[in-house]
Each structure stands twice: as structure tokens, then as C-alpha cells.
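Chemist: protein_15.cif is reproduced below (mmCIF, C-alpha atoms and all ligand atoms).
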```cif
data_target
#
loop_
_atom_site.label_atom_id
_atom_site.label_comp_id
_atom_site.auth_asym_id
_atom_site.auth_seq_id
_atom_site.Cartn_x
_atom_site.Cartn_y
_atom_site.Cartn_z
CA MET A 300 77.63 175.08 158.68
CA SER A 301 74.94 173.79 156.32
CA ALA A 302 75.56 171.27 153.54
CA PRO A 303 75.10 172.47 149.93
CA SER A 304 71.68 171.68 148.44
CA PRO A 305 71.95 169.10 145.66
CA PRO A 306 70.81 170.42 142.26
CA ILE A 307 67.35 169.28 141.23
CA LEU A 308 65.62 169.46 137.87
CA TRP A 309 62.01 170.44 138.58
CA CYS A 310 59.33 169.35 136.13
CA ARG A 311 55.56 169.56 136.30
CA ARG A 312 53.77 166.35 137.30
CA GLY A 313 52.67 164.18 134.37
CA SER A 314 53.88 164.39 130.80
CA GLU A 315 56.54 167.07 131.39
CA PHE A 316 58.12 164.87 134.06
CA ALA A 317 57.89 161.74 131.90
CA ARG A 318 59.42 163.49 128.89
CA ALA A 319 62.29 164.93 130.90
CA ALA A 320 63.08 161.48 132.31
CA ALA A 321 62.85 159.91 128.86
CA ASP A 322 65.18 162.59 127.47
CA GLN A 323 67.87 161.48 129.95
CA VAL A 324 67.55 157.84 128.93
CA ALA A 325 67.33 158.72 125.24
CA ALA A 326 70.51 160.79 125.50
CA LEU A 327 72.37 157.82 126.97
CA LEU A 328 71.02 155.42 124.33
CA ALA A 329 72.03 157.85 121.57
CA ARG A 330 75.59 158.07 122.93
CA SER A 331 75.81 154.45 123.88
CA PRO A 332 73.26 152.14 122.21
CA GLN A 333 74.59 149.13 124.15
CA ALA A 334 74.24 150.82 127.54
CA VAL A 335 73.67 148.70 130.63
CA ILE A 336 70.70 150.02 132.57
CA ALA A 337 69.04 149.09 135.88
CA LEU A 338 65.31 149.75 136.06
CA PRO A 339 62.93 150.60 138.88
CA THR A 340 59.37 149.49 139.49
CA GLY A 341 56.50 151.54 140.92
CA GLN A 342 54.08 154.24 139.87
CA THR A 343 56.81 156.82 139.35
CA PRO A 344 58.50 155.36 136.24
CA LEU A 345 55.26 154.45 134.45
CA GLY A 346 55.19 157.71 132.49
CA LEU A 347 58.85 157.30 131.58
CA TYR A 348 58.26 153.77 130.30
CA ALA A 349 55.21 154.84 128.28
CA GLU A 350 57.21 157.69 126.75
CA LEU A 351 60.16 155.41 125.88
CA VAL A 352 57.82 152.86 124.32
CA THR A 353 56.14 155.60 122.26
CA ARG A 354 59.50 156.88 121.05
CA ALA A 355 60.66 153.35 120.25
CA ALA A 356 57.47 152.66 118.26
CA ALA A 357 58.04 155.88 116.33
CA ARG A 358 61.67 154.80 115.77
CA ARG A 359 62.91 157.88 117.59
CA LEU A 360 65.00 155.67 119.85
CA SER A 361 65.95 152.02 120.13
CA ALA A 362 66.45 150.07 123.33
CA ALA A 363 67.05 146.84 121.40
CA GLN A 364 70.82 146.82 121.82
CA ALA A 365 70.87 147.97 125.43
CA ARG A 366 71.01 145.51 128.32
CA PHE A 367 68.64 145.68 131.25
CA PHE A 368 68.69 144.65 134.88
CA ASN A 369 66.18 145.47 137.59
CA LEU A 370 66.73 146.90 141.03
CA ASP A 371 64.60 144.79 143.27
CA ASP A 372 61.76 142.34 143.70
CA TYR A 373 59.82 140.55 146.39
CA LEU A 374 61.33 137.39 147.75
CA GLY A 375 59.56 134.14 146.98
CA LEU A 376 57.37 135.23 144.08
CA THR A 377 57.55 133.59 140.69
CA ALA A 378 58.29 135.90 137.75
CA ASP A 379 54.69 135.66 136.56
CA HIS A 380 53.10 136.54 139.92
CA PRO A 381 50.92 139.68 139.61
CA LEU A 382 53.03 141.42 142.30
CA SER A 383 56.37 140.47 140.75
CA TYR A 384 58.52 143.38 139.68
CA ALA A 385 59.92 141.24 136.87
CA ARG A 386 56.43 140.87 135.45
CA PHE A 387 55.77 144.61 135.85
CA LEU A 388 58.89 145.54 133.91
CA ARG A 389 58.23 143.06 131.14
CA GLU A 390 54.67 144.33 130.73
CA HIS A 391 55.33 148.05 130.96
CA PHE A 392 58.64 148.38 129.23
CA LEU A 393 60.74 145.44 128.11
CA MET A 394 58.18 143.73 125.87
CA PRO A 395 56.57 146.83 124.31
CA ALA A 396 60.04 148.34 123.74
CA CYS A 397 61.07 145.09 121.96
CA VAL A 398 64.10 144.37 124.12
CA PRO A 399 65.43 140.92 123.15
CA GLU A 400 65.33 138.29 125.89
CA GLU A 401 69.10 137.80 125.80
CA HIS A 402 69.54 141.43 126.86
CA ILE A 403 67.42 141.04 129.97
CA ARG A 404 68.56 139.79 133.38
CA LEU A 405 66.06 140.27 136.19
CA LEU A 406 66.37 139.26 139.82
CA ARG A 407 64.88 135.84 140.51
CA GLY A 408 62.96 136.38 143.72
CA ASP A 409 61.99 132.71 143.77
CA ALA A 410 65.52 131.31 143.28
CA VAL A 411 66.14 128.25 145.44
CA GLY A 412 69.62 129.29 146.53
CA ILE A 413 68.96 132.97 147.12
CA GLU A 414 72.51 133.73 148.29
CA SER A 415 73.95 132.35 145.08
CA GLU A 416 71.32 134.27 143.10
CA CYS A 417 72.63 137.46 144.73
CA ARG A 418 76.21 136.55 143.83
CA GLU A 419 75.29 135.55 140.27
CA TYR A 420 73.40 138.79 139.79
CA GLU A 421 76.43 140.86 140.78
CA ALA A 422 78.57 138.69 138.50
CA ALA A 423 76.15 139.28 135.60
CA ILE A 424 76.33 143.04 136.13
CA ALA A 425 80.12 142.88 136.22
CA ALA A 426 80.21 140.68 133.09
CA ALA A 427 78.08 143.28 131.30
CA GLY A 428 80.78 145.84 132.10
CA GLY A 429 79.02 147.42 135.09
CA LEU A 430 75.96 149.64 135.11
CA ASP A 431 76.00 152.71 132.88
CA LEU A 432 72.77 154.03 134.33
CA VAL A 433 70.67 153.24 137.37
CA ILE A 434 67.18 154.74 137.33
CA LEU A 435 65.70 155.02 140.80
CA GLY A 436 62.33 155.74 142.33
CA LEU A 437 62.07 156.77 145.95
CA GLY A 438 60.29 155.08 148.83
CA THR A 439 58.21 157.18 151.23
CA ASN A 440 60.78 156.33 153.92
CA GLY A 441 63.72 157.28 151.70
CA HIS A 442 64.49 153.79 150.45
CA ILE A 443 66.11 153.25 147.06
CA GLY A 444 65.54 149.88 145.46
CA PHE A 445 64.61 147.96 148.59
CA ASN A 446 67.47 149.41 150.62
CA GLU A 447 65.51 150.36 153.69
CA PRO A 448 66.46 152.88 156.40
CA GLY A 449 69.52 151.67 158.29
CA SER A 450 70.81 149.60 155.34
CA ASP A 451 74.52 148.99 155.02
CA TRP A 452 75.79 151.37 152.36
CA SER A 453 78.62 148.99 151.46
CA ALA A 454 76.25 146.14 150.58
CA GLN A 455 75.85 144.56 147.16
CA THR A 456 72.79 142.55 146.04
CA HIS A 457 71.16 141.04 149.11
CA VAL A 458 67.97 139.93 150.82
CA VAL A 459 66.19 142.51 152.98
CA ARG A 460 63.43 142.42 155.53
CA LEU A 461 60.91 145.00 154.33
CA SER A 462 59.91 147.74 156.74
CA THR A 463 56.40 148.01 158.11
CA GLU A 464 56.00 151.34 156.28
CA THR A 465 57.03 149.86 152.94
CA ARG A 466 54.70 146.87 153.31
CA ALA A 467 51.81 149.09 154.39
CA THR A 468 52.34 151.44 151.41
CA HIS A 469 52.39 148.51 149.02
CA ALA A 470 49.31 146.93 150.63
CA VAL A 471 47.38 150.17 149.97
CA GLN A 472 48.67 150.32 146.38
CA THR A 473 47.53 146.76 145.72
CA ARG A 474 44.22 147.44 147.51
CA GLY A 475 44.84 144.58 149.89
CA LYS A 476 44.39 142.07 147.08
CA PHE A 477 47.63 140.23 147.82
CA ALA A 478 49.61 139.53 150.96
CA ILE A 479 52.78 141.64 150.74
CA PRO A 480 55.85 139.43 151.23
CA GLU A 481 57.95 140.05 154.32
CA TYR A 482 61.24 140.04 152.43
CA GLY A 483 62.66 141.51 149.28
CA ILE A 484 65.82 141.17 147.23
CA THR A 485 67.62 144.29 146.09
CA VAL A 486 70.80 145.51 144.51
CA GLY A 487 72.76 147.13 147.30
CA ILE A 488 73.73 150.74 147.74
CA SER A 489 77.32 150.01 146.76
CA THR A 490 76.07 148.45 143.48
CA ILE A 491 74.03 151.59 142.84
CA ALA A 492 76.89 153.89 143.80
CA ALA A 493 79.20 152.11 141.34
CA ALA A 494 76.96 153.04 138.39
CA ARG A 495 78.45 155.56 136.00
CA GLU A 496 75.24 157.60 136.03
CA ILE A 497 72.20 157.75 138.31
CA LEU A 498 68.79 159.19 137.56
CA LEU A 499 66.61 159.65 140.65
CA LEU A 500 62.91 160.20 140.00
CA VAL A 501 60.85 161.81 142.74
CA ALA A 502 57.11 161.93 142.22
CA GLY A 503 54.06 161.98 144.46
CA ASP A 504 53.12 163.96 147.56
CA ALA A 505 54.04 161.05 149.83
CA LYS A 506 57.72 161.64 148.99
CA ALA A 507 57.90 165.05 150.67
CA ARG A 508 59.76 163.90 153.79
CA ALA A 509 62.26 161.75 151.89
CA LEU A 510 62.90 164.56 149.43
CA ALA A 511 63.40 167.03 152.28
CA ALA A 512 65.94 164.68 153.85
CA PHE A 513 67.78 164.50 150.54
CA ARG A 514 67.68 168.26 150.05
CA SER A 515 69.17 168.82 153.50
CA GLY A 516 72.41 167.66 151.83
CA ILE A 517 73.46 165.59 154.84
CA PRO A 518 74.27 161.87 154.33
CA ASP A 519 72.24 159.97 156.93
CA PRO A 520 71.81 156.17 157.07
CA LYS A 521 68.22 156.71 158.28
CA TRP A 522 67.51 158.06 154.79
CA PRO A 523 69.13 155.71 152.22
CA VAL A 524 68.51 158.20 149.41
CA THR A 525 71.09 160.50 151.00
CA SER A 526 73.77 157.94 150.05
CA LEU A 527 73.45 159.38 146.54
CA LEU A 528 74.59 162.83 147.60
CA THR A 529 78.24 162.07 146.90
CA HIS A 530 77.71 160.44 143.50
CA ARG A 531 79.65 162.18 140.74
CA ASN A 532 77.01 161.88 138.05
CA LEU A 533 73.59 162.13 139.63
CA THR A 534 70.53 163.74 138.05
CA VAL A 535 67.53 164.31 140.27
CA LEU A 536 64.22 164.90 138.60
CA ALA A 537 61.44 165.98 140.95
CA GLU A 538 57.94 167.24 140.50
CA THR A 539 57.57 171.01 140.71
CA GLU A 540 54.58 170.36 142.95
CA LEU A 541 57.04 169.14 145.62
CA GLN A 542 59.28 172.18 145.44
CA SER A 543 57.91 173.84 148.55
CA ALA A 544 57.46 170.62 150.53
CA THR A 545 59.76 170.52 153.51
CA GLY A 546 58.57 167.31 155.18
CA GLU A 547 57.70 167.32 158.84
CA GLY A 548 60.46 166.39 161.23
CA VAL A 549 63.24 166.71 158.67
CA LYS A 550 65.71 169.58 158.64
CA ALA A 551 64.30 172.05 156.13
CA PRO A 552 66.20 172.50 152.86
CA HIS A 553 67.83 175.90 152.59
C1 LIG A 601 59.05 150.24 145.93
C2 LIG A 601 60.26 149.77 145.19
C3 LIG A 601 61.18 150.90 144.87
C4 LIG A 601 60.38 152.05 144.29
C5 LIG A 601 59.44 152.56 145.34
C6 LIG A 601 58.64 153.78 144.92
O1 LIG A 601 59.23 150.17 147.30
N1 LIG A 601 60.97 148.78 145.91
O2 LIG A 601 62.17 150.44 143.98
O3 LIG A 601 61.27 153.07 143.90
O4 LIG A 601 58.54 151.51 145.63
O5 LIG A 601 57.45 153.42 144.31
P1 LIG A 601 56.46 154.45 143.65
O6 LIG A 601 57.14 154.95 142.44
O7 LIG A 601 55.25 153.64 143.33
O8 LIG A 601 56.19 155.51 144.63
#
```
Kindly present the structure from the file in C-alpha cells form.

Modeler:
Amino acid sequence: MSAPSPPILWCRRGSEFARAAADQVAALLARSPQAVIALPTGQTPLGLYAELVTRAAARRLSAAQARFFNLDDYLGLTADHPLSYARFLREHFLMPACVPEEHIRLLRGDAVGIESECREYEAAIAAAGGLDLVILGLGTNGHIGFNEPGSDWSAQTHVVRLSTETRATHAVQTRGKFAIPEYGITVGISTIAAAREILLLVAGDAKARALAAFRSGIPDPKWPVTSLLTHRNLTVLAETELQSATGEGVKAPH
């Protein structure tokens, strides 16, 4: 018996995709201006962030009352390091969208006591009332945040050893300019699963295999993204260009 295919909203690569993603976030902010949102890093959300910043500048939405966390970062980097996800988010979204500093809590990859940083981060999310929305990108190997294949689905924020595939992908993206750290820090899958709403963004040809694994509808620890299949309020936005991609070696979607 085959598992049901999860519903996917297909949008053409580029501005249509970015607008559709921004519409989801804007709808939440309209309903709940003080929403608590966890943000991803990467190429995928860049269009979304640009669209949100444009709408904020035109006063079509405001992110000023919302509170923001991030999903992951490299371990050991200061917040101003060029590779730091904290820096990326400040540059591409938080600063241009005029989010006040007191509404921002980002993972401190360079914290001295990293275990207590993980605990404090979870406590900060809980103190904010839990996450209303988690926005996720997708790793080529199916990771979400930095929850790599084989991750414990019951984990909260924790330190992870990055996979060879993840480090290699990032080395290419940064054109070998920086050494990619061996470890990352990430909110765990149970933290993500506890969010009231999840928006998964799937963009880029390299995501074909991970998307195929997700579309198979079968939860599989080898593909962390499949942990989302049972979430009660999940929206998946994927590029139309990936619609026919099945991904080699993964059970084809039906
Ligand atoms: C990194 C991040 C993820 C992100 C993924 C996809 O590995 N840890 O949080 O979702 O990359 O990145 P991109 O959108 O650039 O493909």
C-alpha cells in the first residue's frame, strides 16, 4: 500500500515563488502581528526576504512587532563572521525590515558553554510562547535546519557534526573562500515539529532527490524532511520546475 502524497503548492522559480512564500508570512503577520517566527538561511529564502522587505518599505506589512529566531548556524563562528547565519539574516532581512533588536534572538554559534546556549535557546522560544511559524529550506540530503540524515527526531536544539555532503555543498557555494566548520548548531526536529505552522521552501535542481523522498510520503530517518509529513499545519512550496523530478534511487512519487 502506498502512502498518500503530501499536498504541494507549485510555483514558478523566481518572483512567483518568492511572492507565494511572502503571502504565507504576510497572512500570519496580518492575523498575528506579534507572531514568533524561526527563519532559515540559504539561497532559497533570499527572494522571500527581498519581497518581505519591499512590502515592509511600502508599508504593506510590518514585521516590527513579530519576534524572530533562527534555525541554525555554524559552530564556533562569531556573529559578524562572513559565513555566520546570524549575519546573513541581519543583512538580508532583520535590518532592512526594521525588526527591533529586542525582538531578535539568534543562535550564538560561538557561545562558550554551548550546551547551556542550547538550553537557553529552547527556554527563550518557550518564553516567547513557542513558535508560531517555522520557515524551512531543504538540504540536498534532505536535512532541515542542520538536522542531518539519521538525526534523532525527538531532539531539541543541539550541536551536530555536519555531513560531508553538506560541507561540500557549502564549500562550493562559498567558492572555497572559507573553511567550512565541521560542526553546526541547530534547533532539533522536535522543536520544529512543535511549531504551530511550518512553511517548507523547496527550490533548486539539487533538491530533486530530497523532494522525491518527501513526496514518497514515507517517514524515513535517512531523510529528515520526511519528519514533517505528520505535521498538522504544513505548507510546502516547491518550484514547478521540480514537479517532474523523481530523484535517482528514491521511490518515485505516485
Ligand atoms: C543549509 C542550512 C539549511 C538550509 C539549506 C538549504 O544547509 N543549514 O538551513 O535550508 O542549507 O540551503 P539553500 O537554500 O541554499 O539550498

Chemist: Using only C-alpha atoms and all ligand atoms, what table do you get, as CSV, when you list each residue of chain A with an atom no more than 7 Å from ligand LIG 601 (chain A), its nearest pair of atoms, and their distance in Å rounded to one decimal, rows by chain then rising number?

Modeler:
```
residue,atom,partner,partner_atom,distance
A:Pro339,CA,A:LIG601,O2,5.2
A:Thr340,CA,A:LIG601,O2,5.4
A:Gly341,CA,A:LIG601,O7,3.4
A:Gln342,CA,A:LIG601,O7,3.7
A:Thr343,CA,A:LIG601,O6,3.6
A:Pro344,CA,A:LIG601,O6,6.4
A:Leu370,CA,A:LIG601,O2,6.5
A:Asp371,CA,A:LIG601,N1,6.0
A:Asp372,CA,A:LIG601,N1,6.9
A:Leu435,CA,A:LIG601,O3,5.7
A:Gly436,CA,A:LIG601,O3,3.3
A:Leu437,CA,A:LIG601,O3,4.3
A:Gly438,CA,A:LIG601,C5,4.4
A:Ile443,CA,A:LIG601,O2,5.7
A:Gly444,CA,A:LIG601,O2,3.7
A:Phe445,CA,A:LIG601,N1,4.6
A:Thr465,CA,A:LIG601,O1,6.1
A:Ala502,CA,A:LIG601,O8,6.9
A:Gly503,CA,A:LIG601,O8,6.8
```

Chemist: Could you write those residues out with C-alpha atoms, as an mmCIF file, in the frame of the given file?

Modeler:
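Result file result36.cif:
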```cif
data_model
loop_
_atom_site.group_PDB
_atom_site.id
_atom_site.type_symbol
_atom_site.label_atom_id
_atom_site.label_comp_id
_atom_site.auth_asym_id
_atom_site.auth_seq_id
_atom_site.Cartn_x
_atom_site.Cartn_y
_atom_site.Cartn_z
ATOM 1 C CA PRO A 339 62.930 150.600 138.880
ATOM 2 C CA THR A 340 59.370 149.490 139.490
ATOM 3 C CA GLY A 341 56.500 151.540 140.920
ATOM 4 C CA GLN A 342 54.080 154.240 139.870
ATOM 5 C CA THR A 343 56.810 156.820 139.350
ATOM 6 C CA PRO A 344 58.500 155.360 136.240
ATOM 7 C CA LEU A 370 66.730 146.900 141.030
ATOM 8 C CA ASP A 371 64.600 144.790 143.270
ATOM 9 C CA ASP A 372 61.760 142.340 143.700
ATOM 10 C CA LEU A 435 65.700 155.020 140.800
ATOM 11 C CA GLY A 436 62.330 155.740 142.330
ATOM 12 C CA LEU A 437 62.070 156.770 145.950
ATOM 13 C CA GLY A 438 60.290 155.080 148.830
ATOM 14 C CA ILE A 443 66.110 153.250 147.060
ATOM 15 C CA GLY A 444 65.540 149.880 145.460
ATOM 16 C CA PHE A 445 64.610 147.960 148.590
ATOM 17 C CA THR A 465 57.030 149.860 152.940
ATOM 18 C CA ALA A 502 57.110 161.930 142.220
ATOM 19 C CA GLY A 503 54.060 161.980 144.460
#
```

Chemist: What is the distance between atom CA of Phe368 of chain A and atom CA of Arg531 of chain A, in Å to one decimal?

Modeler: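 Distance reported for this atom pair: 21.5 Å.
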
Chemist: Between A:Ile497, A:Pro518, A:Leu432, A:Ala321, which is the closest to Thr534 of chain A once you count only C-alpha atoms?

Modeler: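 The answer is A:Ile497, which sits nearest to Thr534 of chain A.
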
Chemist: Which one of A:Ile484, A:Tyr420, A:Glu538, A:Leu527 sits closest to Ser314 of chain A if you count all atoms listed in the file?

Modeler: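 With all atoms listed in the file as the atom set, the closest residue is A:Glu538.
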
Chemist: If I take atom CA of Ala537 of chain A and atom CA of Arg359 of chain A, how far is one from the other in Å, to one decimal?

Modeler: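 Interatomic distance, atom CA of Ala537 of chain A to atom CA of Arg359 of chain A: 24.8 Å.
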
Chemist: Rounded to one decimal, what separation in Å do you get between atom CA of Asp322 of chain A and atom CA of Ala378 of chain A?

Modeler: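 We find that atom CA of Asp322 of chain A and atom CA of Ala378 of chain A lie 29.4 Å from each other.
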
Chemist: Compile the contact shell of Arg312 of chain A as a short mmCIF file (atom, residue, chain, number, x, y, z; two decimals) with C-alpha atoms, keeping the file's coordinate frame: residues with an atom at most 7 Å away, counting only C-alpha atoms, same-chain residues fewer than 4 positions apart removed.

Modeler:
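The result, stored in selection.cif:
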```cif
data_model
loop_
_atom_site.label_atom_id
_atom_site.label_comp_id
_atom_site.auth_asym_id
_atom_site.auth_seq_id
_atom_site.Cartn_x
_atom_site.Cartn_y
_atom_site.Cartn_z
CA PHE A 316 58.12 164.87 134.06
CA GLU A 538 57.94 167.24 140.50
CA THR A 539 57.57 171.01 140.71
CA GLU A 540 54.58 170.36 142.95
#
```

Chemist: Using only C-alpha atoms - which residues lie no farther than 10 Å from the point (74.0, 156.0, 141.8) in the file's frame? Write them as a list in words.

Modeler: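 Neighbouring residues, ordered by chain and number, come to Leu430, Asp431, Leu432, Val433, Ile434, Leu435, Ile443, Ile488, Ser489, Thr490, Ile491, Ala492, Ala493, Ala494, Arg495, Glu496, Ile497, Leu498, Leu499, Val524, Ser526, Leu527, Leu528, Thr529, His530, Arg531, Asn532, Leu533 and Thr534 of chain A.
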
Chemist: List as a ChimeraX atom specification the protein and nucleic acid residues near Leu406 of chain A, meaning an atom at most 12 Å away when all atoms listed in the file are counted, but skip any in the same chain fewer than 6 places from it.

Modeler: /A:337-339,367-378,383-386,388,413-421,423-424,456-458,483-486

Chemist: Could you pull the residues within 10 Å of Ser331 of chain A, counting all atoms listed in the file, minus those fewer than 5 positions along the same chain, as a count of residues only?

Modeler: 5

Chemist: Mind checking which residues fall within 7 Å of Glu481 of chain A, counting only C-alpha atoms, ignoring those fewer than 2 positions away in the same chain, and posting them as a PyMOL selection string?

Modeler: chain A and resi 460-461+479

Chemist: Counting only C-alpha atoms, which residue out of A:Arg514, A:Gly313, A:Ala362, A:Arg354 sits closest to Leu328 of chain A?

Modeler: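 The shortest atom-to-atom distance to Leu328 of chain A comes from A:Ala362.
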
Chemist: I'd like to know which of A:Asp504, A:Thr525, A:Arg404, A:Pro306 is closest to Ala426 of chain A, using only C-alpha atoms.

Modeler: A:Arg404
